[in-house]
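Here is the file protein.json (JSON, C-alpha atoms and all ligand atoms).
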[["chain", "number", "residue", "atom", "x", "y", "z"],
["A", 1006, "MET", "CA", -86.50, 149.24, 129.14],
["A", 1007, "SER", "CA", -84.56, 148.12, 126.11],
["A", 1008, "GLU", "CA", -80.85, 147.39, 126.47],
["A", 1009, "ALA", "CA", -78.25, 149.69, 124.93],
["A", 1010, "THR", "CA", -77.12, 148.77, 121.43],
["A", 1011, "ALA", "CA", -73.49, 148.21, 120.48],
["A", 1012, "VAL", "CA", -73.31, 151.67, 118.90],
["A", 1013, "GLU", "CA", -74.80, 153.27, 122.04],
["A", 1014, "MET", "CA", -72.13, 151.49, 124.07],
["A", 1015, "LEU", "CA", -69.41, 153.10, 121.93],
["A", 1016, "GLU", "CA", -71.11, 156.45, 122.38],
["A", 1017, "ALA", "CA", -71.08, 156.01, 126.16],
["A", 1018, "GLU", "CA", -67.33, 155.25, 125.99],
["A", 1019, "HIS", "CA", -66.86, 158.57, 124.19],
["A", 1020, "ARG", "CA", -68.28, 160.36, 127.25],
["A", 1021, "VAL", "CA", -65.64, 158.69, 129.47],
["A", 1022, "ILE", "CA", -62.86, 159.70, 127.03],
["A", 1023, "GLN", "CA", -64.19, 163.28, 126.99],
["A", 1024, "LYS", "CA", -64.09, 163.38, 130.78],
["A", 1025, "MET", "CA", -60.42, 162.39, 130.67],
["A", 1026, "VAL", "CA", -59.67, 164.94, 127.94],
["A", 1027, "ALA", "CA", -61.28, 167.73, 130.00],
["A", 1028, "GLY", "CA", -58.97, 166.82, 132.89],
["A", 1029, "MET", "CA", -55.96, 166.79, 130.55],
["A", 1030, "SER", "CA", -56.82, 170.30, 129.41],
["A", 1031, "VAL", "CA", -56.79, 171.58, 133.00],
["A", 1032, "LEU", "CA", -53.47, 169.80, 133.65],
["A", 1033, "ALA", "CA", -51.97, 171.51, 130.59],
["A", 1034, "ASP", "CA", -53.07, 174.88, 132.02],
["A", 1035, "GLN", "CA", -51.52, 173.99, 135.37],
["A", 1036, "LEU", "CA", -48.21, 173.00, 133.78],
["A", 1037, "GLU", "CA", -48.17, 176.13, 131.67],
["A", 1038, "GLY", "CA", -48.72, 178.17, 134.82],
["A", 1039, "GLY", "CA", -45.57, 176.59, 136.29],
["A", 1040, "GLU", "CA", -47.33, 174.39, 138.86],
["A", 1041, "PRO", "CA", -45.95, 170.93, 139.62],
["A", 1042, "VAL", "CA", -47.98, 167.99, 138.35],
["A", 1043, "ASP", "CA", -47.70, 164.50, 139.77],
["A", 1044, "VAL", "CA", -45.84, 162.16, 137.37],
["A", 1045, "SER", "CA", -47.93, 159.14, 138.41],
["A", 1046, "LEU", "CA", -51.09, 161.08, 137.52],
["A", 1047, "LEU", "CA", -49.63, 161.82, 134.07],
["A", 1048, "GLU", "CA", -48.67, 158.16, 133.65],
["A", 1049, "SER", "CA", -52.20, 157.07, 134.52],
["A", 1050, "ILE", "CA", -53.41, 159.18, 131.58],
["A", 1051, "VAL", "CA", -51.15, 157.27, 129.19],
["A", 1052, "VAL", "CA", -52.40, 153.95, 130.55],
["A", 1053, "PHE", "CA", -56.00, 155.15, 130.12],
["A", 1054, "LEU", "CA", -55.40, 156.34, 126.55],
["A", 1055, "ARG", "CA", -53.58, 153.16, 125.54],
["A", 1056, "THR", "CA", -55.88, 150.69, 127.22],
["A", 1057, "PHE", "CA", -59.36, 152.19, 127.37],
["A", 1058, "ALA", "CA", -59.33, 154.66, 124.47],
["A", 1059, "ASP", "CA", -57.17, 152.63, 122.08],
["A", 1060, "ARG", "CA", -57.16, 148.88, 122.78],
["A", 1061, "LEU", "CA", -60.72, 148.70, 124.05],
["A", 1062, "HIS", "CA", -62.60, 151.49, 122.26],
["A", 1063, "HIS", "CA", -60.69, 151.95, 119.00],
["A", 1064, "GLY", "CA", -60.20, 148.17, 118.97],
["A", 1065, "LYS", "CA", -63.98, 147.61, 118.98],
["A", 1066, "GLU", "CA", -64.38, 150.16, 116.18],
["A", 1067, "GLU", "CA", -61.57, 148.90, 113.95],
["A", 1068, "SER", "CA", -61.92, 145.17, 114.47],
["A", 1069, "PHE", "CA", -65.71, 144.91, 114.52],
["A", 1070, "LEU", "CA", -67.76, 148.05, 113.80],
["A", 1071, "PHE", "CA", -65.91, 149.14, 110.66],
["A", 1072, "PRO", "CA", -65.92, 145.62, 109.11],
["A", 1073, "ALA", "CA", -69.66, 145.30, 109.90],
["A", 1074, "LEU", "CA", -70.32, 148.62, 108.12],
["A", 1075, "ILE", "CA", -68.18, 147.55, 105.15],
["A", 1076, "ARG", "CA", -70.25, 144.33, 104.89],
["A", 1077, "ARG", "CA", -73.35, 146.58, 104.65],
["A", 1078, "GLY", "CA", -71.87, 148.52, 101.74],
["A", 1079, "VAL", "CA", -70.03, 151.43, 103.39],
["A", 1080, "PRO", "CA", -66.77, 152.05, 101.46],
["A", 1081, "SER", "CA", -63.63, 150.85, 103.26],
["A", 1082, "GLN", "CA", -61.55, 153.73, 101.89],
["A", 1083, "GLY", "CA", -62.07, 157.48, 102.16],
["A", 1084, "CYS", "CA", -64.82, 159.07, 104.24],
["A", 1085, "PRO", "CA", -65.72, 158.07, 106.89],
["A", 1086, "ILE", "CA", -63.98, 154.72, 107.62],
["A", 1087, "GLY", "CA", -60.62, 155.37, 105.91],
["A", 1088, "GLY", "CA", -60.30, 158.78, 107.55],
["A", 1089, "LEU", "CA", -61.22, 157.55, 111.02],
["A", 1090, "THR", "CA", -58.81, 154.59, 110.79],
["A", 1091, "MET", "CA", -56.02, 157.00, 109.88],
["A", 1092, "GLU", "CA", -56.93, 159.16, 112.86],
["A", 1093, "HIS", "CA", -56.66, 156.15, 115.18],
["A", 1094, "GLN", "CA", -53.13, 155.58, 113.84],
["A", 1095, "LYS", "CA", -52.24, 159.24, 114.39],
["A", 1096, "GLY", "CA", -53.69, 159.04, 117.90],
["A", 1097, "ARG", "CA", -51.31, 156.16, 118.74],
["A", 1098, "VAL", "CA", -48.32, 158.24, 117.63],
["A", 1099, "MET", "CA", -49.54, 161.23, 119.69],
["A", 1100, "VAL", "CA", -49.93, 159.09, 122.81],
["A", 1101, "GLY", "CA", -46.38, 157.75, 122.27],
["A", 1102, "GLU", "CA", -45.16, 161.36, 122.12],
["A", 1103, "LEU", "CA", -47.02, 162.13, 125.35],
["A", 1104, "ALA", "CA", -45.35, 159.14, 127.05],
["A", 1105, "ASP", "CA", -41.92, 160.44, 125.87],
["A", 1106, "ALA", "CA", -42.75, 163.95, 127.11],
["A", 1107, "ILE", "CA", -43.72, 162.55, 130.53],
["A", 1108, "ARG", "CA", -40.42, 160.65, 130.74],
["A", 1109, "GLY", "CA", -38.55, 163.88, 129.96],
["A", 1110, "TYR", "CA", -40.57, 165.76, 132.57],
["A", 1111, "ALA", "CA", -39.90, 163.09, 135.21],
["A", 1112, "ALA", "CA", -36.16, 163.28, 134.40],
["A", 1113, "GLY", "CA", -36.21, 167.06, 134.83],
["A", 1114, "GLU", "CA", -35.04, 167.81, 131.28],
["A", 1115, "PRO", "CA", -35.15, 171.56, 130.60],
["A", 1116, "PRO", "CA", -37.68, 171.80, 127.71],
["A", 1117, "ALA", "CA", -39.78, 168.98, 129.19],
["A", 1118, "ARG", "CA", -42.57, 171.11, 130.60],
["A", 1119, "GLU", "CA", -43.14, 172.83, 127.25],
["A", 1120, "ASN", "CA", -43.08, 169.50, 125.40],
["A", 1121, "LEU", "CA", -45.54, 168.04, 127.85],
["A", 1122, "VAL", "CA", -47.94, 170.98, 127.51],
["A", 1123, "LYS", "CA", -47.69, 170.71, 123.73],
["A", 1124, "SER", "CA", -48.36, 166.96, 123.75],
["A", 1125, "LEU", "CA", -51.36, 167.33, 126.05],
["A", 1126, "ARG", "CA", -52.79, 170.15, 123.92],
["A", 1127, "VAL", "CA", -52.43, 168.13, 120.70],
["A", 1128, "LEU", "CA", -54.44, 165.27, 122.24],
["A", 1129, "VAL", "CA", -56.98, 167.64, 123.81],
["A", 1130, "ALA", "CA", -57.64, 169.01, 120.30],
["A", 1131, "PHE", "CA", -57.61, 165.59, 118.63],
["A", 1132, "TYR", "CA", -60.10, 163.52, 120.65],
["A", 1133, "PRO", "CA", -63.15, 165.85, 120.62],
["A", 1134, "ASN", "CA", -62.77, 166.32, 116.87],
["A", 1135, "HIS", "CA", -62.52, 162.57, 116.25],
["A", 1136, "ILE", "CA", -65.42, 161.84, 118.63],
["A", 1137, "TRP", "CA", -67.57, 164.50, 116.95],
["A", 1138, "LYS", "CA", -67.14, 162.81, 113.56],
["A", 1139, "GLU", "CA", -68.20, 159.48, 115.04],
["A", 1140, "ASP", "CA", -71.10, 160.74, 117.16],
["A", 1141, "TYR", "CA", -72.63, 162.88, 114.43],
["A", 1142, "LEU", "CA", -71.56, 161.17, 111.20],
["A", 1143, "LEU", "CA", -70.50, 157.56, 111.72],
["A", 1144, "PHE", "CA", -72.91, 156.41, 114.43],
["A", 1145, "PRO", "CA", -76.06, 157.85, 112.78],
["A", 1146, "LEU", "CA", -74.91, 156.11, 109.57],
["A", 1147, "ALA", "CA", -74.34, 152.87, 111.53],
["A", 1148, "GLY", "CA", -77.82, 153.18, 113.05],
["A", 1149, "LYS", "CA", -79.25, 153.23, 109.53],
["A", 1150, "VAL", "CA", -77.28, 150.46, 107.84],
["A", 1151, "LEU", "CA", -76.87, 147.91, 110.67],
["A", 1152, "THR", "CA", -79.68, 145.47, 111.36],
["A", 1153, "PRO", "CA", -80.70, 144.56, 114.94],
["A", 1154, "GLU", "CA", -78.91, 141.23, 114.36],
["A", 1155, "ASP", "CA", -75.72, 143.09, 113.36],
["A", 1156, "GLN", "CA", -75.94, 145.17, 116.55],
["A", 1157, "GLN", "CA", -76.39, 142.03, 118.66],
["A", 1158, "ASP", "CA", -73.48, 140.32, 116.93],
["A", 1159, "LEU", "CA", -71.32, 143.39, 117.60],
["A", 1160, "MET", "CA", -72.35, 143.41, 121.24],
["A", 1161, "ASP", "CA", -71.24, 139.76, 121.59],
["A", 1162, "LYS", "CA", -67.88, 140.61, 120.02],
["A", 1163, "PHE", "CA", -67.46, 143.70, 122.23],
["A", 1164, "GLU", "CA", -68.00, 141.52, 125.28],
["A", 1165, "THR", "CA", -65.19, 139.24, 124.08],
["A", 1166, "VAL", "CA", -62.84, 142.25, 123.78],
["A", 1167, "GLU", "CA", -63.76, 143.30, 127.33],
["A", 1168, "ARG", "CA", -63.15, 139.82, 128.68],
["A", 1169, "GLU", "CA", -59.73, 139.75, 127.01],
["A", 1170, "LEU", "CA", -58.77, 143.05, 128.62],
["A", 1171, "GLY", "CA", -60.22, 142.15, 132.02],
["A", 1172, "LEU", "CA", -63.83, 142.21, 133.12],
["A", 1173, "ASP", "CA", -63.50, 145.32, 135.24],
["A", 1174, "VAL", "CA", -62.00, 147.37, 132.43],
["A", 1175, "HIS", "CA", -65.05, 149.62, 132.21],
["A", 1176, "GLU", "CA", -65.53, 150.26, 135.86],
["A", 1177, "GLY", "CA", -61.78, 150.67, 136.39],
["A", 1178, "PHE", "CA", -61.30, 153.28, 133.69],
["A", 1179, "ASP", "CA", -64.50, 155.17, 134.49],
["A", 1180, "LYS", "CA", -62.91, 155.57, 137.90],
["A", 1181, "VAL", "CA", -59.56, 156.75, 136.48],
["A", 1182, "ALA", "CA", -61.37, 159.47, 134.48],
["A", 1183, "ALA", "CA", -63.55, 160.46, 137.44],
["A", 1184, "ASP", "CA", -60.48, 160.57, 139.73],
["A", 1185, "LEU", "CA", -58.65, 162.90, 137.37],
["A", 1186, "GLU", "CA", -61.75, 165.09, 137.11],
["A", 1187, "ARG", "CA", -61.97, 165.24, 140.91],
["A", 1188, "LYS", "CA", -58.25, 166.01, 141.32],
["A", 1189, "VAL", "CA", -58.18, 168.78, 138.75],
["A", 1190, "SER", "CA", -61.45, 170.29, 139.93],
["A", 1191, "GLY", "CA", -59.87, 170.41, 143.40],
["A", 1192, "ILE", "CA", -56.94, 172.31, 141.92],
["A", 1193, "VAL", "CA", -59.23, 174.67, 140.02],
["A", 1194, "SER", "CA", -61.52, 175.42, 142.95],
["A", 1195, "SER", "CA", -58.71, 175.86, 145.48],
["A", 1196, "PRO", "CA", -58.17, 179.48, 146.60],
["A", 1197, "LYS", "CA", -55.63, 181.36, 144.46],
["A", 1198, "GLU", "CA", -54.13, 183.37, 147.33],
["A", 1199, "GLU", "CA", -51.57, 182.07, 149.82],
["A", 1201, "FE", "FE", -62.66, 156.16, 116.62],
["A", 1202, "FE", "FE", -64.87, 156.28, 118.96]]

Using the file provided, produce a representation of the structure as structure tokens.
Amino acid sequence: MSEATAVEMLEAEHRVIQKMVAGMSVLADQLEGGEPVDVSLLESIVVFLRTFADRLHHGKEESFLFPALIRRGVPSQGCPIGGLTMEHQKGRVMVGELADAIRGYAAGEPPARENLVKSLRVLVAFYPNHIWKEDYLLFPLAGKVLTPEDQQDLMDKFETVERELGLDVHEGFDKVAADLERKVSGIVSSPKEE
């Protein structure tokens, strides 16, 4: 069995982000339906998005994958690298807005529920679109232009990022996403009546 490449590792991280996003979508439905949602659960989403999705995953892409592609002749501006970098920046703003909306919700401000639903929906629309562009456009391109040595070099750098964020970052955040999935699936499958 050959080991996963650096690009395959990024692809696997997309699956964890998608799991979280699916849970966020159900939470938005619950909030819209007037049901109470645990503030600490909402806060754990922000921590996940900031740490796993942004610092770890987007960090690997921006600090190492994109520069490696640029060294192999992919343009640094425009499609795809310029566009994806801009989307990462927009994502950070959206997550900040979600954190604000959660604070408002926790404080019981009147329009807070609506703001929170809106913030969740914006992110639920954003991530799958961004991930699609990487899975189907960027990563196949990376598979073509990067040499096996480039992939190994990236893997070494990715391991450094993981060490900096804590060795259990992967296992820990896989669990956060799985926990949310379990909690919301419990809500969804619970009987409607009574
Ligand atoms: Fe990305
Ligand atoms: Fe990505």

Self-check item: Å distance separating atom CA of A:Ala1111 from atom CA of A:Val1042, one decimal place
Solution: 10.0 Å

Quiz item: So, counting only C-alpha atoms and all ligand atoms, which residue among A:Val1044, A:Ser1030, A:Lys1095, A:Val1079 is closest to ligand FE 1201 (chain A)?
Solution: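 Counting only C-alpha atoms and all ligand atoms, the residue closest to ligand FE 1201 (chain A) is A:Lys1095.
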
Can you work out which residues are within 8 Å of ligand FE 1202 (chain A), considering all atoms listed in the file, and then hand them over as a compact mmCIF listing (two decimals) with C-alpha atoms, keeping the file's coordinate frame?
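Wrote it out as out36.txt, contents follow:
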# COMPACT_ATOMS: atom_id res chain seq x y z
CA LEU A 1015 -69.41 153.10 121.93
CA GLU A 1016 -71.11 156.45 122.38
CA GLU A 1018 -67.33 155.25 125.99
CA HIS A 1019 -66.86 158.57 124.19
CA ALA A 1058 -59.33 154.66 124.47
CA HIS A 1062 -62.60 151.49 122.26
CA HIS A 1063 -60.69 151.95 119.00
CA GLU A 1066 -64.38 150.16 116.18
CA HIS A 1135 -62.52 162.57 116.25
CA ILE A 1136 -65.42 161.84 118.63
CA GLU A 1139 -68.20 159.48 115.04
CA ASP A 1140 -71.10 160.74 117.16

Self-check item: Selection near A:Ala1011, 7 Å with only C-alpha atoms, sequence-local residues under 4 positions removed, as number ranges by chain
Solution: A: 1015, 1156, 1159-1160

Which residues are close to A:Leu1125, i.e. within 10 Å by all atoms listed in the file, leaving aside same-chain residues fewer than 6 positions away? Reply as an mmCIF file with C-alpha atoms, keeping the file's coordinate frame.
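Output below, filename part28.cif:
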data_model
loop_
_atom_site.group_PDB
_atom_site.id
_atom_site.type_symbol
_atom_site.label_atom_id
_atom_site.label_comp_id
_atom_site.auth_asym_id
_atom_site.auth_seq_id
_atom_site.Cartn_x
_atom_site.Cartn_y
_atom_site.Cartn_z
ATOM 1 C CA VAL A 1026 -59.670 164.940 127.940
ATOM 2 C CA MET A 1029 -55.960 166.790 130.550
ATOM 3 C CA SER A 1030 -56.820 170.300 129.410
ATOM 4 C CA VAL A 1031 -56.790 171.580 133.000
ATOM 5 C CA LEU A 1032 -53.470 169.800 133.650
ATOM 6 C CA ALA A 1033 -51.970 171.510 130.590
ATOM 7 C CA ASP A 1034 -53.070 174.880 132.020
ATOM 8 C CA LEU A 1047 -49.630 161.820 134.070
ATOM 9 C CA MET A 1099 -49.540 161.230 119.690
ATOM 10 C CA VAL A 1100 -49.930 159.090 122.810
ATOM 11 C CA GLU A 1102 -45.160 161.360 122.120
ATOM 12 C CA LEU A 1103 -47.020 162.130 125.350
ATOM 13 C CA ALA A 1106 -42.750 163.950 127.110
ATOM 14 C CA GLU A 1119 -43.140 172.830 127.250
ATOM 15 C CA PHE A 1131 -57.610 165.590 118.630
#

Calculate, to one decimal in Å, the centre and edge lengths of the box along x, y and z of the file that holds all listed atoms of stretch 1137-1146 of chain A with 3 Å of margin on each side, and present them as JSON.
{"center_x": -71.6, "center_y": 160.3, "center_z": 113.4, "size_x": 14.9, "size_y": 14.4, "size_z": 13.6}

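Counting all atoms listed in the file, the residue from A:Gln1023, A:Asn1134, A:Gln1157, A:Ser1190 that sits nearest to A:Ala1009 is A:Gln1157.
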
Self-check item: Counting only C-alpha atoms, the option among A:Val1012, A:Gln1094, A:Leu1061, A:Leu1121 closest to A:Pro1153
Solution: A:Val1012

Quiz item: Could you work out how far atom CA of A:Gly1028 lies from atom CA of A:Gly1171, giving the answer in Å with one decimal?
Solution: 24.7 Å

Quiz prompt | One-decimal distance in Å that lies between atom CA of A:Ser1068 and atom CA of A:Gly1088 | solution = 15.4 Å

Can you fill out stretch 1032-1055 of chain A with N, CA and C atoms and hand it back as a JSON list (two decimals), in the frame of the given file?
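What follows is the written file selection-v4.json:
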[["chain", "number", "residue", "atom", "x", "y", "z"],
["A", 1032, "LEU", "N", -54.87, 170.10, 133.30],
["A", 1032, "LEU", "CA", -53.47, 169.80, 133.65],
["A", 1032, "LEU", "C", -52.50, 170.60, 132.77],
["A", 1033, "ALA", "N", -52.83, 170.72, 131.49],
["A", 1033, "ALA", "CA", -51.97, 171.51, 130.59],
["A", 1033, "ALA", "C", -51.90, 172.96, 131.06],
["A", 1034, "ASP", "N", -53.04, 173.50, 131.49],
["A", 1034, "ASP", "CA", -53.07, 174.88, 132.02],
["A", 1034, "ASP", "C", -52.19, 174.99, 133.26],
["A", 1035, "GLN", "N", -52.30, 173.99, 134.14],
["A", 1035, "GLN", "CA", -51.52, 173.99, 135.37],
["A", 1035, "GLN", "C", -50.02, 173.97, 135.08],
["A", 1036, "LEU", "N", -49.63, 173.11, 134.14],
["A", 1036, "LEU", "CA", -48.21, 173.00, 133.78],
["A", 1036, "LEU", "C", -47.72, 174.29, 133.16],
["A", 1037, "GLU", "N", -48.55, 174.88, 132.32],
["A", 1037, "GLU", "CA", -48.17, 176.13, 131.67],
["A", 1037, "GLU", "C", -48.01, 177.25, 132.69],
["A", 1038, "GLY", "N", -48.81, 177.17, 133.75],
["A", 1038, "GLY", "CA", -48.72, 178.17, 134.82],
["A", 1038, "GLY", "C", -47.56, 177.90, 135.78],
["A", 1039, "GLY", "N", -46.76, 176.85, 135.49],
["A", 1039, "GLY", "CA", -45.57, 176.59, 136.29],
["A", 1039, "GLY", "C", -45.83, 175.73, 137.52],
["A", 1040, "GLU", "N", -47.04, 175.20, 137.67],
["A", 1040, "GLU", "CA", -47.33, 174.39, 138.86],
["A", 1040, "GLU", "C", -46.83, 172.96, 138.67],
["A", 1041, "PRO", "N", -46.42, 172.31, 139.76],
["A", 1041, "PRO", "CA", -45.95, 170.93, 139.62],
["A", 1041, "PRO", "C", -47.14, 169.99, 139.41],
["A", 1042, "VAL", "N", -46.93, 169.00, 138.57],
["A", 1042, "VAL", "CA", -47.98, 167.99, 138.35],
["A", 1042, "VAL", "C", -47.38, 166.62, 138.63],
["A", 1043, "ASP", "N", -48.13, 165.82, 139.35],
["A", 1043, "ASP", "CA", -47.70, 164.50, 139.77],
["A", 1043, "ASP", "C", -47.43, 163.59, 138.56],
["A", 1044, "VAL", "N", -46.21, 163.02, 138.51],
["A", 1044, "VAL", "CA", -45.84, 162.16, 137.37],
["A", 1044, "VAL", "C", -46.74, 160.92, 137.29],
["A", 1045, "SER", "N", -47.09, 160.36, 138.45],
["A", 1045, "SER", "CA", -47.93, 159.14, 138.41],
["A", 1045, "SER", "C", -49.32, 159.45, 137.85],
["A", 1046, "LEU", "N", -49.80, 160.67, 138.09],
["A", 1046, "LEU", "CA", -51.09, 161.08, 137.52],
["A", 1046, "LEU", "C", -50.97, 161.15, 135.99],
["A", 1047, "LEU", "N", -49.86, 161.72, 135.52],
["A", 1047, "LEU", "CA", -49.63, 161.82, 134.07],
["A", 1047, "LEU", "C", -49.51, 160.42, 133.46],
["A", 1048, "GLU", "N", -48.82, 159.54, 134.17],
["A", 1048, "GLU", "CA", -48.67, 158.16, 133.65],
["A", 1048, "GLU", "C", -50.00, 157.43, 133.60],
["A", 1049, "SER", "N", -50.89, 157.74, 134.53],
["A", 1049, "SER", "CA", -52.20, 157.07, 134.52],
["A", 1049, "SER", "C", -53.02, 157.51, 133.30],
["A", 1050, "ILE", "N", -52.73, 158.71, 132.80],
["A", 1050, "ILE", "CA", -53.41, 159.18, 131.58],
["A", 1050, "ILE", "C", -52.97, 158.34, 130.38],
["A", 1051, "VAL", "N", -51.66, 158.08, 130.31],
["A", 1051, "VAL", "CA", -51.15, 157.27, 129.19],
["A", 1051, "VAL", "C", -51.75, 155.86, 129.23],
["A", 1052, "VAL", "N", -51.81, 155.30, 130.42],
["A", 1052, "VAL", "CA", -52.40, 153.95, 130.55],
["A", 1052, "VAL", "C", -53.87, 153.99, 130.10],
["A", 1053, "PHE", "N", -54.59, 155.00, 130.53],
["A", 1053, "PHE", "CA", -56.00, 155.15, 130.12],
["A", 1053, "PHE", "C", -56.11, 155.25, 128.60],
["A", 1054, "LEU", "N", -55.29, 156.13, 128.00],
["A", 1054, "LEU", "CA", -55.40, 156.34, 126.55],
["A", 1054, "LEU", "C", -55.02, 155.09, 125.77],
["A", 1055, "ARG", "N", -54.01, 154.37, 126.26],
["A", 1055, "ARG", "CA", -53.58, 153.16, 125.54],
["A", 1055, "ARG", "C", -54.55, 152.01, 125.73]]
